[in-house]
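Participant: To start, I am sharing the structure in question, which I have written as structure tokens.
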Amino acid sequence: MKNQAAASISMMKKVQTLLDIKTGEVKVTALALAVTFCHGVSNVYLFTTSHSLFLSVFEAKDLAYTYIGGALAVLLVGGVYTGLQHKVSPTKLVVWTLLFLLLTLLGARVWLFLGQIRGPAAFLAVWSVAYSTLTYMSIWGLFGQVFDTRQAKRLFGLIGAGEFAADIVAGVITPVLVSAIGSINLILIAAMGLFGSVVFTILITQALNDASPQAESVKSDDTPAPRLGEMLRDRYALPLHLIWGLSLMVFYLMDMAFSNQVEKHYGDDMDPMTSFLGVFFAVGSAVNMVVQTFSTGRVLDRIGILKALFLLPGGVLLGCIAMSSGVAFVPRVGLAMFAMTVGCKMYDYVLRNAIHDPAFQVLYQPLPLVKRFAVQTSVLTRAEPGAALIGGGLLLLGRLYFEVDAANVALIMIVILSVQIVFTFSLRERYLGQLMEALKKRRLEFSERLVWDEGGQHLLLGFLKSNHPHEVIYALSLMEKNAPHTLSEHLPDLLLHSSPEVLKEVLARIEQLRPPLALPLVRTIMLNEAMDPSVRTAAVLAYSAMDEAGAEDTLVDLLSQPNKDMVRAAIIGLQKHFGIEGIIASGERFMEMLNSQYPEDREAAAYILGAVGVSSMYRPLRRLLQDPCASVRWAALGSAVELGNPRLALLLLPFLGRPDTRRRAIRAVAAMGQPALEYLSWVVSDCDQPREVVLGILKAVSLMPPPVAVPFLLECLFHPDANARSLILNRLEHLGYRPESIEDKQLLSGLVRQESSLAAWLLSCLRALSPCQDFGLLSRALEEESHRCRNRILSLASLFGPIRIRGNLHRGITGDDRVHHAYTLEMLDSFLSGDLKELIFPLLEDLPQNERLERLSRVHPGLEVEPSLVLEAVAGKEDVWISPWPRAVAVYLMGKSGNPPNKALLSRLKGHRTPLLAETALWALSKIKSRCDHGWDHSEPGKEKPC
Amino acid sequence: MLTIEKAMILNEVDFFSGLPGELLSEMAVAATEMDVPAGRKVTAEGEYSSAMYVVASGRVRIHEGQKVIRELTERRSFGTRCALDPQDRSSSVTAMEDCLLLKIEHEVLFEFIAESPALANRIIGSLCRRIGNDSPYQE
């Protein structure tokens with residue numbers, strides 16, 4: 001019994017793998033297959049009954065009226081359906097629609113029962129077209145809610161195969177049923193099939209309420225359904241209508257060409273013609289079913305939706321070219337033309353159902369739920385009948401000018417297919433744009449356009465008069481940004497404000513803009529000893545900039561003031577605004593401060609150098625950067641940011657290594673710009689440099705302008721430090737780098753392979769960690785490392801794609817929202833090559849850990865780690881792959897275990913350049929030695945201590 | 001004390017718990033070890049302070065004069081408010097037994113907050129919880 005159960009589970013797993021159904025999808029996929037099967041049964045019997053009934057009452061040439069009537073019926077019911085979408089929830093609408101159609105079938109049977117024949121025959125022939133459209137729309141609309149984008153791509157082909165299975169089964173048993181219950185009662189079988197669809201649809205909607213990736217979107221999406229006009233103006237919805245409509249026109253024309261050749265080939269001989277058609281559609285359905293079941297999902301996964309959409313029109317176009325040009329070599333009516341046309345029709349029949357239509361359904365997925373439903377409905381109820389009317393119209397018109405045979409129809413199809421291909425090509429960017437929209441979050445933004453109109457300016461002036469300092473300062477900033485020409489005229493009045501914060505802001509702007517009318521008040525503030533000292537110093541700087549006659553003397557007088565802040569401001573003002581005279585006048589006082597024994601004087605000297613901001617005046621900073629007092633060094637570092645002189649680079653390196661000065665040092669290095677790059681490049685490539693220094697330089701370079709930063713970062717792309725590579729890739733991503741040449745792309749692909757291999761190894765280590773041993777810290781460290789590796793891979797992947805999607809990729813993958821996760825994967829799918837997808841997707845998809853590792857093992861064989869050797873493996877892993885932290889943890893655990901065979905590795909690590917690793921290795925060695933000395937070494941080589 | 005052991009201790013402090021090991025190891029390097037014998041004052045009420053402390057081993061008492069506010073054991077921290085906003089201390093801290101403390105200065109803490117938004121979120125959350133609990137211990 002147990003063996004049978006295990007065997008059936010194993011068989012189930014094999015079937016799942018074969019059909020590409022993931023865990024958790026089995027139930028809903030089975031239900032969906034049941035829906036399409038029942039729908040297929042219903043369709044087959046309705047069409048069989050309606051057509052045979054019509055032909056028994058009317059003539060074949062009257063069928064043209066049913067096409068027109070059918071198109072108009074579709075327009076009518078489509079309009080009603082669209083109207084109801086605004087009032088009823090999507091799931092309810094689906095169920096009600098199917099129940100309504102069930103009633104119409106039963107009603108038609110009752111009508112026939114009452115003895116009427118012509119009316120029901122005409123009704124059924126016309127209604128079967130609308131019936132087909134409504135059922136298709138309802139059922140596939142429902143599937144669009146149940147499955148996310150990735151699932152749709154994988155499973156829609158398989159689910160669609162249910163209909164073909166029904167075509168085959170129902171077709172085969174039709175003669176049996178006809179002889180048992182009669183042709184007219186096949187309507188009841190059709191009704192039963194539809195009833196089955198209703199039941200399974202209700203079960204799916206219940207499953208949808210329980211757990212659907214789209215359920216949250218349904219709750220949160222308040223977007224109203226777009227009207228027709230909006231859809232025709234929509235840059236995404238309109239091409240969908242056009243592509244579907246053109247594709248349908250090709251279908252009708254192809255059907256016309258096919259019928260023409262069949263009629264010509266078989267003449268009036270009905271039986272062989274019927275046999276041929278039966279065989280043709282049976283073979284076509286069988287091929288469709290096999291392809292949809294086993295290949296559609298894989299093909300779409302492999303080549304992507306957008307390329308798949310070209311397969312049908314591209315292939316049919318080639319067939320049409322063969323047919324239309326074939327008349328130069330073969331007769332218009334003959335075996336060769338017949339074979340070409342049949343071949344082209346078979347290609348159209350298989351590709352349309354197996355590849356094109358499933359791929360097209362996925363195009364709806366990125367749309368918001370309500371809009372998706374509306375667009376789907378509109379495409380089916382407007383574009384389809386429109387295509388039927390235009391296609392039929394073209395044929396009728398064509399009859400006036402030429403013989404409507406396969407070769408001539410092929411010429412018309414060449415034109416239509418070319419237009420379809422162009423529209424499909426233009427869809428790529430729009431599809432990616434829709435995926436972007438689906439990923440993006442909305443943010444509220446404060447509009448700063450307020451200042452441009454009169455009302456906005458009036459509001460701003462009101463703020464300027466406010467007693468609240470922050471309102472005044474905010475208004476000043478807005479005005480400075482949007483209307484700088486009006487700012488100068490308001491500054492003098494603001495010097496009368498009572499708030500010191502406001503005065504300092506105003507004086508800073510006066511220093512820049514130098515409005516002449518402000519000069520008297522600026523001088524008054526400067527000389528007013530009762531004023532706030534920080535305001536007075538700001539006034540000194542503003543006064544220095546205003547170029548009054550005799551200002552230099554006034555400032556020189558300030559140099560002898562007891563107030564050191566005023567002295568400092570005066571020196572800055574003289575050196576900044578009075579050229580060589582100012583430097584000479586203030587030089588002696590400055591040198592006194594520079595050489596002072598008091599740290600606060602030297603700190604002030606450092607500050608002065610930064611405030612003056614002349615890059616060539618860097619020499620005093622060299623001494624101050626090495627000052628014994630931390631506050632002086634800190635001030636000097638701040639001034640180094642302002643000077644940006646590359647000759648300070650060597651002195652800045654130690655500051656990069658300290659956490660309390662790192663950020664300021666990074667800005668100082670970044671300020672040096674391109675002239676410093678050669679030296680910085682040498683430092684980065686020096687293996688003896690501390691990691692923090694290397695990382696600091698990389699961060700600094702990435703703050704430089706992209707044309708400077710990107711080449712530097714690319715040169716460092718294969719840096720041996722894993723954290724450095726993380727930083728570089730992150731920065732390249734944000735700087736907008738894209739590989740242009742084939743060599744660059746190959747380089748990045750190589751790096752992807754290496755990182756993917758590392759990810760596989762990390763997962764293997766995690767699996768090897770025994771749960772009963774105290775490896776929680778190591779497990780966490782490896783998970784963090786794995787997370788960093790995945791981020792590097794995601795950054796690498798994003799470099800291949802459009803720049804505008806990049807930030808959204810990380811958010812989509814790492815966030816909790818499954819729908820966004822699916823959209824992100826779909827986005828990556830659209831631009832990554834098959835090889836890269838094979839390396840990357842196992843890490844990004846939502847998979848159980850074992851399955852993830854299994855898929856990675858196929859591309860990276862031989863990375864298994866023995867549980868007993870996991871500590872050595874992690875501790876011994878080279879720096880180029882993982883950061884020191886997990887290695888240090890592994891070494892620490894080795895020390896705790898006291899296992900002698902680890903000694904050789906630990907001896908090697910005790911001399912490591914990373915202090916953390918070296919220190920821990922040294923300790924671990926001492927622990928092992930201590931245990932050996934005390935005779936505690938009972939462990940066998942390679943075995944861990946028991947729990 | 002090993003750097004890695006300091007990092008493991010920091011991992012058990014509520015502010016730093018769950019942060020990446022790499023960051024914790026850097027903080028451990030930047031933290032200063034202080035051996036405080038029993039009975040010695042670590043910091044005094046009214047004294048200007050700009051650092052936070054983590055009790056790596058031992059026990060300390062937080063008090064205002066003779067009034068004991070709280071006792072802290074291993075893996076607890078104090079002085080966070082001063083580390084975030086340097087100011088005069090509102091209470092004194094005295095070692096009840098021989099202690100090993102890890103001292104993290106204001107500048108160091110802010111550098112790590114700037115590098116790690118996760119740390120900033122952690123501190124904000126922890127402070128909000130303390131305010132919400134209306135604890136008399138205002139550290």
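Chain labels follow the order of the structure tokens: the first chain is A, the next B, and so on; residue numbering restarts at 1 in every chain, and ligands are counted from 1 in their shown order.
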Quick check: residues of chain B within 8 Å of chain A, only C-alpha atoms, returned as a VMD selection string.

Facilitator: chain B and resid 2 to 4 20 to 22 25 30 107 to 108 110 to 112

Participant: Residues near A:Arg647, anyone? I mean within 10 Å using only C-alpha atoms, not counting same-chain ones fewer than 2 positions away, as a compact mmCIF listing (two decimals) with C-alpha atoms, in the first residue's frame.

Facilitator:
# COMPACT_ATOMS: atom_id res chain seq x y z
CA SER A 615 42.15 74.58 -4.44
CA SER A 616 45.74 75.75 -4.81
CA TYR A 618 45.99 73.15 -0.06
CA ARG A 619 49.45 73.09 1.55
CA ARG A 622 48.36 68.82 4.68
CA GLY A 644 39.09 68.99 -3.88
CA ASN A 645 42.81 68.99 -4.55
CA ALA A 649 44.68 62.04 -1.67
CA LEU A 650 47.43 60.18 0.16
CA LEU A 651 46.61 61.93 3.42
CA LEU A 652 42.92 61.16 3.10
CA MET A 672 39.15 65.59 -6.35
CA PRO A 675 42.94 64.15 -11.74
CA ALA A 676 43.05 61.82 -8.74
CA TYR A 679 46.48 57.33 -8.00

Participant: As a PyMOL selection string, please: all residues of chain B that backbone DSSP puts in strand (DSSP E or B).

Facilitator: chain B and resi 32-36+41-43+48-49+51-57+60-64+67-72+77-78+87-88+92-95+99-105

Participant: List the spatial neighbours of stretch 78-94 of chain B as a PDB file with C-alpha atoms, in the first residue's frame - criterion: any atom at most 8 Å away, only C-alpha atoms, same-chain residues fewer than 5 positions off excluded.

Facilitator:
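Contents of out05.pdb, as written:
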ATOM      1  CA  ALA B  38      32.980  47.087  41.069  1.00  0.00           C
ATOM      2  CA  GLY B  39      31.832  50.280  42.725  1.00  0.00           C
ATOM      3  CA  ARG B  40      33.310  52.683  40.186  1.00  0.00           C
ATOM      4  CA  LYS B  41      31.107  55.245  38.473  1.00  0.00           C
ATOM      5  CA  VAL B  42      30.880  54.825  34.744  1.00  0.00           C
ATOM      6  CA  THR B  43      29.189  58.174  34.165  1.00  0.00           C
ATOM      7  CA  ALA B  44      27.860  60.814  36.567  1.00  0.00           C
ATOM      8  CA  GLU B  45      24.584  62.739  36.656  1.00  0.00           C
ATOM      9  CA  GLY B  46      24.998  66.148  35.020  1.00  0.00           C
ATOM     10  CA  GLU B  47      28.141  65.119  33.199  1.00  0.00           C
ATOM     11  CA  TYR B  48      28.249  65.779  29.455  1.00  0.00           C
ATOM     12  CA  SER B  49      28.127  62.503  27.539  1.00  0.00           C
ATOM     13  CA  SER B  50      28.163  61.569  23.878  1.00  0.00           C
ATOM     14  CA  ALA B  51      28.415  57.796  24.002  1.00  0.00           C
ATOM     15  CA  MET B  52      26.317  54.733  24.592  1.00  0.00           C
ATOM     16  CA  TYR B  53      27.458  51.665  26.482  1.00  0.00           C
ATOM     17  CA  VAL B  54      26.733  47.970  26.178  1.00  0.00           C
ATOM     18  CA  VAL B  60      25.475  48.151  36.528  1.00  0.00           C
ATOM     19  CA  ARG B  61      23.094  50.292  38.465  1.00  0.00           C
ATOM     20  CA  ILE B  62      21.413  53.421  37.112  1.00  0.00           C
ATOM     21  CA  HIS B  63      20.587  55.825  39.897  1.00  0.00           C
ATOM     22  CA  GLU B  64      19.865  59.434  40.792  1.00  0.00           C
ATOM     23  CA  GLY B  65      21.761  59.927  43.994  1.00  0.00           C
ATOM     24  CA  ILE B 104      30.232  53.480  21.151  1.00  0.00           C
ATOM     25  CA  GLU B 105      30.733  57.174  20.485  1.00  0.00           C
ATOM     26  CA  HIS B 106      28.214  59.520  18.919  1.00  0.00           C
ATOM     27  CA  LEU B 109      27.034  55.553  15.806  1.00  0.00           C
ATOM     28  CA  PHE B 110      25.959  58.199  13.315  1.00  0.00           C
ATOM     29  CA  GLU B 139      18.008  56.205  28.652  1.00  0.00           C
TER      30      GLU B 139
END

Participant: Check the DSSP output for the backbone and give back, as JSON, numbers by chain, the residues of chain B in helix (DSSP H, G or I).

Facilitator: {"B": [3, 4, 5, 6, 7, 8, 9, 10, 11, 21, 22, 23, 24, 25, 26, 27, 28, 29, 30, 80, 81, 82, 83, 84, 106, 107, 108, 109, 110, 111, 112, 113, 114, 115, 117, 118, 119, 120, 121, 122, 123, 124, 125, 126, 127, 128, 129, 130, 131, 132, 133]}

Participant: List the spatial neighbours of stretch 352-368 of chain A as a VMD selection string - criterion: any atom at most 7 Å away, only C-alpha atoms, same-chain residues fewer than 6 positions off excluded.

Facilitator: chain A and resid 144 149 152 to 153 156 to 157 288 291 to 292 296 305 308 to 309 312 434 to 435 438

Participant: Rounded to one decimal, what separation in Å do you get between atom CA of A:Ser10 and atom CA of A:Phe294?

Facilitator: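 About the pair atom CA of A:Ser10 and atom CA of A:Phe294: they are 18.9 Å apart.
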
Participant: Using only C-alpha atoms for the distances, tell me which of A:Ser42, A:Thr524, A:Gln85, A:Ser50 is nearest to A:Met192.

Facilitator: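 Under the stated criterion, the closest residue is A:Ser42.
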
Participant: Given the choices A:Leu574, A:Leu871, A:Leu318, A:Ile882, which gets closest to A:His787 if the distance is worked out from only C-alpha atoms?

Facilitator: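 The closest residue to A:His787 is A:Ile882.
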
Participant: Using only C-alpha atoms, which residues sit within 7 Å of A:Val41 once same-chain residues fewer than 5 positions away are excluded, as a list in words?

Facilitator: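 Using only C-alpha atoms, the neighbours found are Ala166, Asp167, Ala170, Ala190 and Gly193 of chain A.
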